[in-house]
Amino acid sequence: MSLSLVVMAIGAIIFVPAATVRSFDLFLVGLFIIGTGLALLQTAVNPYVSIIGPSESAATRMSIMGISNKIAGILAGLIFGFITLSDVDAIEASLASMNAVEQAATLDELASRVIVPYYIIAAVLAVLAVVIWMSSLPEIQGEEDDEEAVPDNAADTSKSSILQFPHLLLGVLALFLYVGVEVVAGDTIISYGKSLDISLSVARYFTQITLACMLLGYIVGIFTIPKYISQAKALAICAILGLVFSVGALVTTGYASVACIALLGLANSLMWPAIFPLAIYKLGKFTARGSALLVMAISGGAILPLIYGTFSDMFNSQIAYVVLLPCYAYICFFAIKGHKVGLK
């Protein structure tokens, strides 16, 4: 966890020279390094939170993590939006009338607004890395099938390969599709709003609304799992809601259609907290490797938006949301049956 935060801090600090020279390629390098740190962090944190307590309440613990995550996402979006995009409509309208020198100066000033925030982000990440390194958090020996340490995560000792756990492999695909639909919902809603002639000054808040819906779902999960519903049942309900809201986005227009995309945040909220523990259940000494496979499934967030974009170019940005339907249908299958495959 400490190493991952250091890597993320390095990525964040690269945004400073990237903004100074206004290099998109250098921004991408910084983002790639931050993504690398996030992958390390996810690989360490998710199995840690899942197996540090009873498996049936893992979704509750991960929902608490999700609340912290989404609150941070909402606040970061609002703060960065205020710092960098508070006058974006005026800048966007005036750029066309500027000469090349004026455009360059305006864009330089706009890019420079991220320098101080990313200095702060890098410093906070570095401090957190030191704090976690020096903390007394208990170690979990994931490579040992220690039934006393994690009694409900002991695997079948006859298994010799991570590929011998079909419920894990099905879970990897479920997580791949889930992350894809989450990114499509959160990252396309602004451009979708603009395509409906909603001004950017209004549309830029849509992603925060989506995150707020996810936050609401996490809160519901904390109070209902596993006291009233199981992790698998919560996942099935969320998948069905995803299908309903996706259809709603396709058959309605205007703000109603945008609202359906935002409500996908509610449908997506309990998917990661449910899929992850269901997929690594009974992996025993293979838990760390299973977690690594699941974290690799985050690549769905890079691939599915490309498919959405292709459909959007072929048809339009609304019809393109049809790509969500088979994804939610498969996640529903995993919730009902897939997570049980191969388990005794």
# chains A, B, ... in the order shown; residues from 1 in each chain; ligands from 1
>>> residues_around(residues="A:Tyr330", least_positions_apart="6", cutoff="10 Å", atoms="only C-alpha atoms", output="count of residues only")
8
>>> closest_residue(among="A:Val341, A:Ala262, A:Val179, A:Val130", to="A:Val6", atoms="only C-alpha atoms")
A:Val130
>>> select_by_dssp(residues="stretch 131-337 of chain A", states="alpha helix (DSSP H)", output="ChimeraX atom specification")
/A:131-134,166-195,200-203,206-224,231-251,254-268,271-280,287-296,300-314,324-336
>>> atom_distance(atom1="atom CA of A:Leu128", atom2="atom CA of A:Leu5")
7.2 Å
>>> closest_residue(among="A:Val202, A:Val49, A:Val184, A:Ile67", to="A:Val323", atoms="only C-alpha atoms")
A:Val184
>>> closest_residue(among="A:Ser291, A:Ser2, A:Ser299, A:Asn69", to="A:Ile132", atoms="only C-alpha atoms")
A:Ser2
>>> atom_distance(atom1="atom CA of A:Ile319", atom2="atom CA of A:Thr210")
19.6 Å
>>> closest_residue(among="A:Ile298, A:Ile190, A:Leu107, A:Ala72", to="A:Thr36", atoms="only C-alpha atoms")
A:Ile298
>>> atom_distance(atom1="atom CA of A:Ala39", atom2="atom CA of A:Tyr192")
28.6 Å
>>> residues_around(residues="stretch 308-315 of chain A", least_positions_apart="5", cutoff="10 Å", atoms="only C-alpha atoms", output="PDB file with C-alpha atoms, in the first residue's frame")
ATOM      1  CA  GLY A 180     -16.628  -0.716 -18.085  1.00  0.00           C
ATOM      2  CA  VAL A 181     -20.250   0.265 -17.494  1.00  0.00           C
ATOM      3  CA  VAL A 184     -19.178   4.699 -19.510  1.00  0.00           C
ATOM      4  CA  THR A 188     -19.775  10.035 -21.000  1.00  0.00           C
ATOM      5  CA  ILE A 303     -12.073  -0.976 -23.449  1.00  0.00           C
ATOM      6  CA  ALA A 320     -24.599   3.798 -28.088  1.00  0.00           C
ATOM      7  CA  TYR A 321     -25.758   3.098 -24.536  1.00  0.00           C
ATOM      8  CA  VAL A 322     -27.153  -0.192 -25.864  1.00  0.00           C
ATOM      9  CA  VAL A 323     -23.689  -1.640 -25.095  1.00  0.00           C
ATOM     10  CA  LEU A 324     -24.637  -1.531 -21.413  1.00  0.00           C
TER      11      LEU A 324
END
>>> closest_residue(among="A:Ala288, A:Leu235, A:Ala259, A:Leu325", to="A:Val247", atoms="only C-alpha atoms")
A:Leu325
>>> closest_residue(among="A:Ile51, A:Leu264, A:Val114, A:Met62", to="A:Phe15", atoms="only C-alpha atoms")
A:Val114
>>> residues_around(residues="A:Ser63", least_positions_apart="4", cutoff="7 Å", atoms="only C-alpha atoms", output="list in words")
Ala59, Ile67, Tyr218, Gly221, Ile222 and Pro273 of chain A
>>> residues_around(residues="A:Ala123", least_positions_apart="3", cutoff="10 Å", atoms="only C-alpha atoms", output="ChimeraX atom specification")
/A:6,9-10,12-13,117-120,126-129
>>> write_last_selection(atoms="all heavy atoms", output="mmCIF file, in the first residue's frame")
data_model
loop_
_atom_site.group_PDB
_atom_site.id
_atom_site.type_symbol
_atom_site.label_atom_id
_atom_site.label_comp_id
_atom_site.auth_asym_id
_atom_site.auth_seq_id
_atom_site.Cartn_x
_atom_site.Cartn_y
_atom_site.Cartn_z
ATOM 1 N N VAL A 6 3.437 5.972 -3.101
ATOM 2 C CA VAL A 6 4.637 6.658 -3.590
ATOM 3 C C VAL A 6 4.603 6.761 -5.118
ATOM 4 O O VAL A 6 4.912 7.810 -5.698
ATOM 5 C CB VAL A 6 5.909 5.913 -3.127
ATOM 6 C CG1 VAL A 6 7.147 6.473 -3.823
ATOM 7 C CG2 VAL A 6 6.071 6.030 -1.618
ATOM 8 N N ALA A 9 2.214 9.397 -6.112
ATOM 9 C CA ALA A 9 2.771 10.729 -5.862
ATOM 10 C C ALA A 9 3.711 11.149 -6.991
ATOM 11 O O ALA A 9 3.707 12.308 -7.417
ATOM 12 C CB ALA A 9 3.508 10.744 -4.522
ATOM 13 N N ILE A 10 4.503 10.190 -7.481
ATOM 14 C CA ILE A 10 5.405 10.488 -8.608
ATOM 15 C C ILE A 10 4.598 10.872 -9.839
ATOM 16 O O ILE A 10 4.919 11.837 -10.544
ATOM 17 C CB ILE A 10 6.307 9.268 -8.900
ATOM 18 C CG1 ILE A 10 7.267 9.028 -7.729
ATOM 19 C CG2 ILE A 10 7.088 9.473 -10.205
ATOM 20 C CD1 ILE A 10 8.035 7.727 -7.828
ATOM 21 N N ALA A 12 1.616 12.167 -9.875
ATOM 22 C CA ALA A 12 0.977 13.472 -9.654
ATOM 23 C C ALA A 12 1.962 14.614 -9.886
ATOM 24 O O ALA A 12 1.600 15.646 -10.466
ATOM 25 C CB ALA A 12 0.415 13.535 -8.238
ATOM 26 N N ILE A 13 3.201 14.446 -9.449
ATOM 27 C CA ILE A 13 4.170 15.532 -9.572
ATOM 28 C C ILE A 13 4.543 15.768 -11.039
ATOM 29 O O ILE A 13 4.943 16.878 -11.421
ATOM 30 C CB ILE A 13 5.436 15.228 -8.730
ATOM 31 C CG1 ILE A 13 6.107 16.543 -8.300
ATOM 32 C CG2 ILE A 13 6.404 14.335 -9.447
ATOM 33 C CD1 ILE A 13 5.326 17.327 -7.289
ATOM 34 N N PRO A 117 -2.797 22.368 -7.214
ATOM 35 C CA PRO A 117 -3.525 21.186 -6.731
ATOM 36 C C PRO A 117 -2.709 19.902 -6.795
ATOM 37 O O PRO A 117 -2.762 19.080 -5.881
ATOM 38 C CB PRO A 117 -4.742 21.121 -7.662
ATOM 39 C CG PRO A 117 -4.964 22.528 -8.089
ATOM 40 C CD PRO A 117 -3.596 23.112 -8.204
ATOM 41 N N TYR A 118 -1.937 19.722 -7.856
ATOM 42 C CA TYR A 118 -1.172 18.479 -7.965
ATOM 43 C C TYR A 118 0.060 18.476 -7.068
ATOM 44 O O TYR A 118 0.518 17.407 -6.656
ATOM 45 C CB TYR A 118 -0.816 18.183 -9.425
ATOM 46 C CG TYR A 118 -1.917 17.400 -10.101
ATOM 47 C CD1 TYR A 118 -2.907 18.041 -10.840
ATOM 48 C CD2 TYR A 118 -2.011 16.022 -9.957
ATOM 49 C CE1 TYR A 118 -3.942 17.330 -11.425
ATOM 50 C CE2 TYR A 118 -3.034 15.303 -10.534
ATOM 51 C CZ TYR A 118 -4.001 15.959 -11.262
ATOM 52 O OH TYR A 118 -5.027 15.246 -11.825
ATOM 53 N N TYR A 119 0.611 19.628 -6.752
ATOM 54 C CA TYR A 119 1.631 19.689 -5.701
ATOM 55 C C TYR A 119 1.033 19.181 -4.386
ATOM 56 O O TYR A 119 1.650 18.395 -3.659
ATOM 57 C CB TYR A 119 2.118 21.134 -5.506
ATOM 58 C CG TYR A 119 3.334 21.513 -6.321
ATOM 59 C CD1 TYR A 119 3.375 22.720 -7.025
ATOM 60 C CD2 TYR A 119 4.458 20.693 -6.370
ATOM 61 C CE1 TYR A 119 4.488 23.095 -7.779
ATOM 62 C CE2 TYR A 119 5.575 21.048 -7.111
ATOM 63 C CZ TYR A 119 5.583 22.254 -7.812
ATOM 64 O OH TYR A 119 6.687 22.608 -8.544
ATOM 65 N N ILE A 120 -0.174 19.642 -4.080
ATOM 66 C CA ILE A 120 -0.838 19.241 -2.829
ATOM 67 C C ILE A 120 -1.138 17.744 -2.839
ATOM 68 O O ILE A 120 -0.900 17.041 -1.850
ATOM 69 C CB ILE A 120 -2.136 20.058 -2.630
ATOM 70 C CG1 ILE A 120 -1.793 21.545 -2.443
ATOM 71 C CG2 ILE A 120 -2.929 19.532 -1.440
ATOM 72 C CD1 ILE A 120 -3.006 22.450 -2.434
ATOM 73 N N ALA A 126 2.429 11.282 -0.423
ATOM 74 C CA ALA A 126 3.716 10.931 0.189
ATOM 75 C C ALA A 126 3.584 10.794 1.705
ATOM 76 O O ALA A 126 4.124 9.858 2.308
ATOM 77 C CB ALA A 126 4.769 11.988 -0.163
ATOM 78 N N VAL A 127 2.853 11.707 2.327
ATOM 79 C CA VAL A 127 2.648 11.636 3.783
ATOM 80 C C VAL A 127 1.869 10.367 4.147
ATOM 81 O O VAL A 127 2.211 9.666 5.107
ATOM 82 C CB VAL A 127 1.909 12.898 4.283
ATOM 83 C CG1 VAL A 127 1.474 12.718 5.738
ATOM 84 C CG2 VAL A 127 2.799 14.121 4.147
ATOM 85 N N LEU A 128 0.819 10.040 3.375
ATOM 86 C CA LEU A 128 0.045 8.830 3.638
ATOM 87 C C LEU A 128 0.906 7.575 3.505
ATOM 88 O O LEU A 128 0.750 6.617 4.274
ATOM 89 C CB LEU A 128 -1.136 8.745 2.671
ATOM 90 C CG LEU A 128 -2.360 9.595 2.997
ATOM 91 C CD1 LEU A 128 -3.387 9.477 1.876
ATOM 92 C CD2 LEU A 128 -2.984 9.167 4.313
ATOM 93 N N ALA A 129 1.810 7.577 2.528
ATOM 94 C CA ALA A 129 2.696 6.423 2.350
ATOM 95 C C ALA A 129 3.538 6.184 3.595
ATOM 96 O O ALA A 129 3.697 5.043 4.051
ATOM 97 C CB ALA A 129 3.597 6.643 1.131
#
>>> decode(residues="stretch 48-90 of chain A", atoms="N, CA and C atoms", output="PDB file, in the first residue's frame")
ATOM      1  N   TYR A  48      -7.283  -7.316   1.207  1.00  0.00           N
ATOM      2  CA  TYR A  48      -7.046  -7.042   2.628  1.00  0.00           C
ATOM      3  C   TYR A  48      -8.370  -6.774   3.340  1.00  0.00           C
ATOM      4  N   VAL A  49      -9.160  -5.894   2.752  1.00  0.00           N
ATOM      5  CA  VAL A  49     -10.453  -5.550   3.364  1.00  0.00           C
ATOM      6  C   VAL A  49     -11.418  -6.727   3.294  1.00  0.00           C
ATOM      7  N   SER A  50     -11.331  -7.525   2.233  1.00  0.00           N
ATOM      8  CA  SER A  50     -12.260  -8.643   2.067  1.00  0.00           C
ATOM      9  C   SER A  50     -12.029  -9.745   3.088  1.00  0.00           C
ATOM     10  N   ILE A  51     -10.770 -10.100   3.351  1.00  0.00           N
ATOM     11  CA  ILE A  51     -10.487 -11.283   4.164  1.00  0.00           C
ATOM     12  C   ILE A  51     -10.058 -10.960   5.584  1.00  0.00           C
ATOM     13  N   ILE A  52     -10.028  -9.675   5.949  1.00  0.00           N
ATOM     14  CA  ILE A  52      -9.631  -9.336   7.313  1.00  0.00           C
ATOM     15  C   ILE A  52     -10.761  -9.612   8.309  1.00  0.00           C
ATOM     16  N   GLY A  53     -11.966  -9.871   7.784  1.00  0.00           N
ATOM     17  CA  GLY A  53     -13.111 -10.202   8.620  1.00  0.00           C
ATOM     18  C   GLY A  53     -13.955 -11.267   7.962  1.00  0.00           C
ATOM     19  N   PRO A  54     -15.143 -11.560   8.489  1.00  0.00           N
ATOM     20  CA  PRO A  54     -16.019 -12.585   7.911  1.00  0.00           C
ATOM     21  C   PRO A  54     -16.361 -12.288   6.457  1.00  0.00           C
ATOM     22  N   SER A  55     -16.345 -13.310   5.609  1.00  0.00           N
ATOM     23  CA  SER A  55     -16.567 -13.096   4.172  1.00  0.00           C
ATOM     24  C   SER A  55     -17.971 -12.594   3.871  1.00  0.00           C
ATOM     25  N   GLU A  56     -18.973 -13.004   4.685  1.00  0.00           N
ATOM     26  CA  GLU A  56     -20.342 -12.595   4.392  1.00  0.00           C
ATOM     27  C   GLU A  56     -20.583 -11.107   4.615  1.00  0.00           C
ATOM     28  N   SER A  57     -19.683 -10.436   5.345  1.00  0.00           N
ATOM     29  CA  SER A  57     -19.819  -8.998   5.561  1.00  0.00           C
ATOM     30  C   SER A  57     -18.760  -8.198   4.806  1.00  0.00           C
ATOM     31  N   ALA A  58     -18.057  -8.870   3.878  1.00  0.00           N
ATOM     32  CA  ALA A  58     -17.006  -8.173   3.123  1.00  0.00           C
ATOM     33  C   ALA A  58     -17.571  -7.016   2.323  1.00  0.00           C
ATOM     34  N   ALA A  59     -18.772  -7.199   1.763  1.00  0.00           N
ATOM     35  CA  ALA A  59     -19.378  -6.125   0.971  1.00  0.00           C
ATOM     36  C   ALA A  59     -19.644  -4.892   1.817  1.00  0.00           C
ATOM     37  N   THR A  60     -19.971  -5.100   3.088  1.00  0.00           N
ATOM     38  CA  THR A  60     -20.193  -3.962   3.985  1.00  0.00           C
ATOM     39  C   THR A  60     -18.908  -3.173   4.173  1.00  0.00           C
ATOM     40  N   ARG A  61     -17.804  -3.897   4.432  1.00  0.00           N
ATOM     41  CA  ARG A  61     -16.519  -3.214   4.622  1.00  0.00           C
ATOM     42  C   ARG A  61     -16.093  -2.495   3.346  1.00  0.00           C
ATOM     43  N   MET A  62     -16.307  -3.131   2.207  1.00  0.00           N
ATOM     44  CA  MET A  62     -15.923  -2.498   0.947  1.00  0.00           C
ATOM     45  C   MET A  62     -16.851  -1.343   0.595  1.00  0.00           C
ATOM     46  N   SER A  63     -18.090  -1.395   1.071  1.00  0.00           N
ATOM     47  CA  SER A  63     -18.998  -0.257   0.869  1.00  0.00           C
ATOM     48  C   SER A  63     -18.506   0.960   1.646  1.00  0.00           C
ATOM     49  N   ILE A  64     -17.977   0.719   2.846  1.00  0.00           N
ATOM     50  CA  ILE A  64     -17.407   1.825   3.627  1.00  0.00           C
ATOM     51  C   ILE A  64     -16.228   2.436   2.868  1.00  0.00           C
ATOM     52  N   MET A  65     -15.391   1.569   2.284  1.00  0.00           N
ATOM     53  CA  MET A  65     -14.307   2.080   1.433  1.00  0.00           C
ATOM     54  C   MET A  65     -14.865   2.875   0.262  1.00  0.00           C
ATOM     55  N   GLY A  66     -15.948   2.351  -0.323  1.00  0.00           N
ATOM     56  CA  GLY A  66     -16.541   3.026  -1.471  1.00  0.00           C
ATOM     57  C   GLY A  66     -17.079   4.399  -1.124  1.00  0.00           C
ATOM     58  N   ILE A  67     -17.635   4.535   0.081  1.00  0.00           N
ATOM     59  CA  ILE A  67     -18.127   5.848   0.515  1.00  0.00           C
ATOM     60  C   ILE A  67     -16.985   6.852   0.554  1.00  0.00           C
ATOM     61  N   SER A  68     -15.864   6.436   1.119  1.00  0.00           N
ATOM     62  CA  SER A  68     -14.698   7.328   1.165  1.00  0.00           C
ATOM     63  C   SER A  68     -14.243   7.667  -0.245  1.00  0.00           C
ATOM     64  N   ASN A  69     -14.234   6.656  -1.100  1.00  0.00           N
ATOM     65  CA  ASN A  69     -13.794   6.842  -2.477  1.00  0.00           C
ATOM     66  C   ASN A  69     -14.687   7.835  -3.218  1.00  0.00           C
ATOM     67  N   LYS A  70     -15.999   7.653  -3.112  1.00  0.00           N
ATOM     68  CA  LYS A  70     -16.907   8.499  -3.882  1.00  0.00           C
ATOM     69  C   LYS A  70     -17.024   9.907  -3.309  1.00  0.00           C
ATOM     70  N   ILE A  71     -16.936  10.032  -1.979  1.00  0.00           N
ATOM     71  CA  ILE A  71     -16.918  11.381  -1.400  1.00  0.00           C
ATOM     72  C   ILE A  71     -15.705  12.140  -1.934  1.00  0.00           C
ATOM     73  N   ALA A  72     -14.572  11.448  -1.969  1.00  0.00           N
ATOM     74  CA  ALA A  72     -13.358  12.067  -2.514  1.00  0.00           C
ATOM     75  C   ALA A  72     -13.545  12.419  -3.982  1.00  0.00           C
ATOM     76  N   GLY A  73     -14.194  11.510  -4.727  1.00  0.00           N
ATOM     77  CA  GLY A  73     -14.432  11.776  -6.149  1.00  0.00           C
ATOM     78  C   GLY A  73     -15.334  12.974  -6.371  1.00  0.00           C
ATOM     79  N   ILE A  74     -16.378  13.072  -5.556  1.00  0.00           N
ATOM     80  CA  ILE A  74     -17.288  14.211  -5.670  1.00  0.00           C
ATOM     81  C   ILE A  74     -16.575  15.511  -5.337  1.00  0.00           C
ATOM     82  N   LEU A  75     -15.856  15.517  -4.207  1.00  0.00           N
ATOM     83  CA  LEU A  75     -15.165  16.732  -3.776  1.00  0.00           C
ATOM     84  C   LEU A  75     -14.065  17.125  -4.757  1.00  0.00           C
ATOM     85  N   ALA A  76     -13.315  16.122  -5.228  1.00  0.00           N
ATOM     86  CA  ALA A  76     -12.234  16.424  -6.174  1.00  0.00           C
ATOM     87  C   ALA A  76     -12.791  17.036  -7.453  1.00  0.00           C
ATOM     88  N   GLY A  77     -13.903  16.450  -7.958  1.00  0.00           N
ATOM     89  CA  GLY A  77     -14.506  16.992  -9.169  1.00  0.00           C
ATOM     90  C   GLY A  77     -14.993  18.417  -8.988  1.00  0.00           C
ATOM     91  N   LEU A  78     -15.629  18.675  -7.841  1.00  0.00           N
ATOM     92  CA  LEU A  78     -16.130  20.026  -7.573  1.00  0.00           C
ATOM     93  C   LEU A  78     -14.982  21.020  -7.405  1.00  0.00           C
ATOM     94  N   ILE A  79     -13.957  20.622  -6.652  1.00  0.00           N
ATOM     95  CA  ILE A  79     -12.827  21.523  -6.400  1.00  0.00           C
ATOM     96  C   ILE A  79     -12.066  21.814  -7.692  1.00  0.00           C
ATOM     97  N   PHE A  80     -11.768  20.741  -8.452  1.00  0.00           N
ATOM     98  CA  PHE A  80     -11.044  20.947  -9.703  1.00  0.00           C
ATOM     99  C   PHE A  80     -11.894  21.710 -10.709  1.00  0.00           C
ATOM    100  N   GLY A  81     -13.200  21.422 -10.704  1.00  0.00           N
ATOM    101  CA  GLY A  81     -14.081  22.163 -11.602  1.00  0.00           C
ATOM    102  C   GLY A  81     -14.087  23.647 -11.272  1.00  0.00           C
ATOM    103  N   PHE A  82     -14.097  23.970  -9.976  1.00  0.00           N
ATOM    104  CA  PHE A  82     -14.085  25.371  -9.562  1.00  0.00           C
ATOM    105  C   PHE A  82     -12.765  26.042  -9.922  1.00  0.00           C
ATOM    106  N   ILE A  83     -11.665  25.302  -9.728  1.00  0.00           N
ATOM    107  CA  ILE A  83     -10.340  25.889  -9.983  1.00  0.00           C
ATOM    108  C   ILE A  83     -10.072  26.061 -11.475  1.00  0.00           C
ATOM    109  N   THR A  84     -10.396  25.036 -12.260  1.00  0.00           N
ATOM    110  CA  THR A  84      -9.979  25.052 -13.668  1.00  0.00           C
ATOM    111  C   THR A  84     -11.096  25.364 -14.655  1.00  0.00           C
ATOM    112  N   LEU A  85     -12.359  25.159 -14.263  1.00  0.00           N
ATOM    113  CA  LEU A  85     -13.441  25.275 -15.238  1.00  0.00           C
ATOM    114  C   LEU A  85     -14.508  26.287 -14.850  1.00  0.00           C
ATOM    115  N   SER A  86     -14.223  27.149 -13.881  1.00  0.00           N
ATOM    116  CA  SER A  86     -15.247  28.085 -13.409  1.00  0.00           C
ATOM    117  C   SER A  86     -15.697  29.042 -14.511  1.00  0.00           C
ATOM    118  N   ASP A  87     -14.805  29.378 -15.435  1.00  0.00           N
ATOM    119  CA  ASP A  87     -15.156  30.294 -16.523  1.00  0.00           C
ATOM    120  C   ASP A  87     -15.017  29.627 -17.885  1.00  0.00           C
ATOM    121  N   VAL A  88     -15.240  28.296 -17.904  1.00  0.00           N
ATOM    122  CA  VAL A  88     -14.954  27.543 -19.117  1.00  0.00           C
ATOM    123  C   VAL A  88     -15.853  27.941 -20.285  1.00  0.00           C
ATOM    124  N   ASP A  89     -17.121  28.265 -20.017  1.00  0.00           N
ATOM    125  CA  ASP A  89     -18.011  28.649 -21.113  1.00  0.00           C
ATOM    126  C   ASP A  89     -17.512  29.900 -21.820  1.00  0.00           C
ATOM    127  N   ALA A  90     -17.055  30.895 -21.038  1.00  0.00           N
ATOM    128  CA  ALA A  90     -16.557  32.133 -21.625  1.00  0.00           C
ATOM    129  C   ALA A  90     -15.274  31.889 -22.407  1.00  0.00           C
TER     130      ALA A  90
END
